[in-house]
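Heads up: the structure comes next, in structure tokens.
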Amino acid sequence: MAIAWVFPGQGSQKPGMAEGVIDLPGARERFDRASELLGRDLLAICAGDELNDTRNTQPALFVVESLLVDALHGQGRSARLVAGHSLGELVALYAAGVFDAETGLKLMRRRSELMAAAGGGAMTAVMGFDRDELEQAVAATEGVVIANDNSAAQVVLSGTPEALASVTATVRCKRAIPLAVSGAFHSPFMAGAAEAFAAELEAVPFADARIPVLSNADPRPETDATVLKERLRQQMTMGVRWRETMDRLQAEGISTAVEIGPGNVLSGLIKRSCPGLGTAQIATSGDLGQ
């Protein structure tokens with residue numbers, strides 16, 4: 001059975017999610033180290049409302065998901081491919097051995113700070129639309145891009161509030177839901193943040209991946225460290241090509257995609273888009289016996 005590990009991003013967090021992993025080996029130490037880097041108690045934050053602040057969400061998800069990865073590796077388990085949605089790509093790189101947990105925490109802290117500071121712009125999820133009509137409307141409207149191409153029936157747009165309103169008023173769709181985010185992520189609005197993050201990446205050594213990684217910017221399997229770093233650098237300003245990532249999982253002969261982290265957002269997208277591809281979820285230490 002060919003397994004892929006997929007890692008969710010922002011939006012999958014939920015209060016109490018740390019409780020399911022805190023008994024894993026090294027969990028308290030990793031939360032303590034993350035808290036030291038952030039200057040605030042990340043374990044306590046995981047239990048409260050502050051978890052939804054992107055400066056807390058991103059490090060918290062990295063800690064939870066990386067601990068589950070360590071536990072899987074400790075059981076001698078691995079995957080044929082790994083992929084992550086948005087910040088989940090950093091966990092995928094960690095799972096593939098591209099960098100260690102300390103490096104991942106530092107990168108996630110910097111990424112979350114830069115994205116939180118990059119004000120301006122907004123995001124709207126659009127569901128149940130005609131793709132040609134949507135793409136034409138986006139192309140004809142200045143200040144808006146497809147940020148997350150999640151599936152044939154769901155995308156997230158990033159741009160100015162005016163441009164988003166124009167597109168969603170033009171395109172026939174089942175639903176258009178403004179997202180509670182601080183900026184227009186995965187769009188040109190993140191250019192300044194992306195430049196600063198690229199400077200941070202420059203000094204970070206990447207190893208070749210032990211497991212091929214499907215990146216958000218380019219969902220073709222890759223193990224070369226230089227290529228993976230460049231793809232990660234591009235991620236902040238380019239869209240998340242998750243629809244193509246799911247197609248690639250099938251093309252590569254994956255039989256089961258295991259979502260590692262809280263929730264089942266990615267599993268739901270896969271079930272609706274790829275009926276022949278099985279799914280499973282590992283969100284807590286109790287799920288590791290599956």
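Following the order of the structure tokens, first chain is A, next is B, and so on, with residues numbered from 1 inside each chain and ligands from 1 in the order they appear.
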* List every residue of stretch 28-255 of chain A that DSSP, applied to the backbone of this structure, places in strand (DSSP E), and write the result as a ChimeraX atom specification. => /A:81-84,122-129,144-151,154-159,173-178,213-214
* Asked: Excluding same-chain residues fewer than 3 positions from A:Val126, what lies within 6 Å of it counting only C-alpha atoms, as a PyMOL selection string?
  -> chain A and resi 154-156+175-176
* Check stretch 186-247 of chain A with DSSP on the backbone and list each residue it calls helix (DSSP H, G or I), as a ChimeraX atom specification. => /A:188-202,225-234,242-247
File dump, residues just selected, C-alpha atoms, as a compact mmCIF listing (two decimals), in the first residue's frame:
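Generated file (out21.txt):
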# COMPACT_ATOMS: atom_id res chain seq x y z
CA PRO A 188 1.65 39.67 -4.34
CA PHE A 189 0.57 41.51 -1.16
CA MET A 190 3.07 39.27 0.63
CA ALA A 191 6.03 40.45 -1.49
CA GLY A 192 7.71 42.32 1.36
CA ALA A 193 7.22 39.44 3.78
CA ALA A 194 8.45 36.96 1.15
CA GLU A 195 11.60 38.99 0.57
CA ALA A 196 12.38 39.08 4.28
CA PHE A 197 11.65 35.35 4.62
CA ALA A 198 13.91 34.60 1.64
CA ALA A 199 16.74 36.40 3.41
CA GLU A 200 16.11 34.21 6.46
CA LEU A 201 16.11 31.06 4.32
CA GLU A 202 19.38 32.03 2.68
CA ALA A 225 17.55 20.71 -1.32
CA THR A 226 18.20 23.74 -3.52
CA VAL A 227 14.97 23.28 -5.46
CA LEU A 228 12.91 22.73 -2.30
CA LYS A 229 14.30 25.90 -0.71
CA GLU A 230 13.47 27.93 -3.82
CA ARG A 231 9.92 26.52 -3.88
CA LEU A 232 9.46 27.42 -0.23
CA ARG A 233 10.75 30.92 -0.94
CA GLN A 234 8.10 31.31 -3.66
CA TRP A 242 -3.66 21.78 -3.76
CA ARG A 243 -6.00 20.60 -6.53
CA GLU A 244 -2.95 19.66 -8.60
CA THR A 245 -1.30 18.12 -5.53
CA MET A 246 -4.25 15.74 -5.09
CA ASP A 247 -4.11 14.86 -8.79
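What separates atom CA of A:Asp32 from atom CA of A:Glu50 is a distance of 17.4 Å.
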* To do: Go ahead and compute the interatomic distance for atom CA of A:Met238 and atom CA of A:Ala2, in Å to one decimal.
  =>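 Computing it gives 29.1 Å between the two atoms.
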* To do: Between atom CA of A:Ala34 and atom CA of A:Ala60, measure the distance and give it in Å to one decimal.
  => 8.4 Å
Identify, on the basis of only C-alpha atoms, every residue whose closest approach to A:Met108 does not exceed 9 Å; exclude the query and any residue fewer than 6 positions from it along the same chain; express the result as an mmCIF file with N, CA and C atoms, in the first residue's frame.
data_model
loop_
_atom_site.group_PDB
_atom_site.id
_atom_site.type_symbol
_atom_site.label_atom_id
_atom_site.label_comp_id
_atom_site.auth_asym_id
_atom_site.auth_seq_id
_atom_site.Cartn_x
_atom_site.Cartn_y
_atom_site.Cartn_z
ATOM 1 N N ARG A 55 0.371 34.429 14.595
ATOM 2 C CA ARG A 55 1.698 34.325 15.229
ATOM 3 C C ARG A 55 1.758 33.162 16.207
ATOM 4 N N GLN A 58 0.611 29.255 13.674
ATOM 5 C CA GLN A 58 1.613 28.577 12.856
ATOM 6 C C GLN A 58 2.623 27.778 13.701
ATOM 7 N N PRO A 59 3.237 28.377 14.735
ATOM 8 C CA PRO A 59 4.137 27.572 15.578
ATOM 9 C C PRO A 59 3.424 26.423 16.279
ATOM 10 N N PHE A 62 2.897 23.600 13.891
ATOM 11 C CA PHE A 62 4.175 22.936 13.611
ATOM 12 C C PHE A 62 4.566 21.998 14.746
ATOM 13 N N LEU A 87 1.336 26.493 5.528
ATOM 14 C CA LEU A 87 2.373 26.268 6.540
ATOM 15 C C LEU A 87 2.683 24.785 6.710
ATOM 16 N N LEU A 90 6.081 23.317 5.546
ATOM 17 C CA LEU A 90 7.264 23.274 6.404
ATOM 18 C C LEU A 90 7.313 21.988 7.214
#
* Please provide the set of residues having any atom within 10 Å of stretch 93-107 of chain A, restricted to only C-alpha atoms, with same-chain residues fewer than 5 positions apart removed, written as a PyMOL selection string. => chain A and resi 5+7+30+33-34+37-38+58-60+62-63+65-70+72-73+78-79+81-84+88+112-113+197+200-201+204-215+223-225+228-229+232
* A:Val21 surroundings by only C-alpha atoms, 6 Å radius, close-in-sequence under 3 positions cut, as an NGL selection string -> :A and (18 or 24 or 284-285)
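Nearest to A:Thr141 of all the residues A:Ser158, A:Ala203, A:Val167, A:Phe31 is A:Val167, counting only C-alpha atoms.
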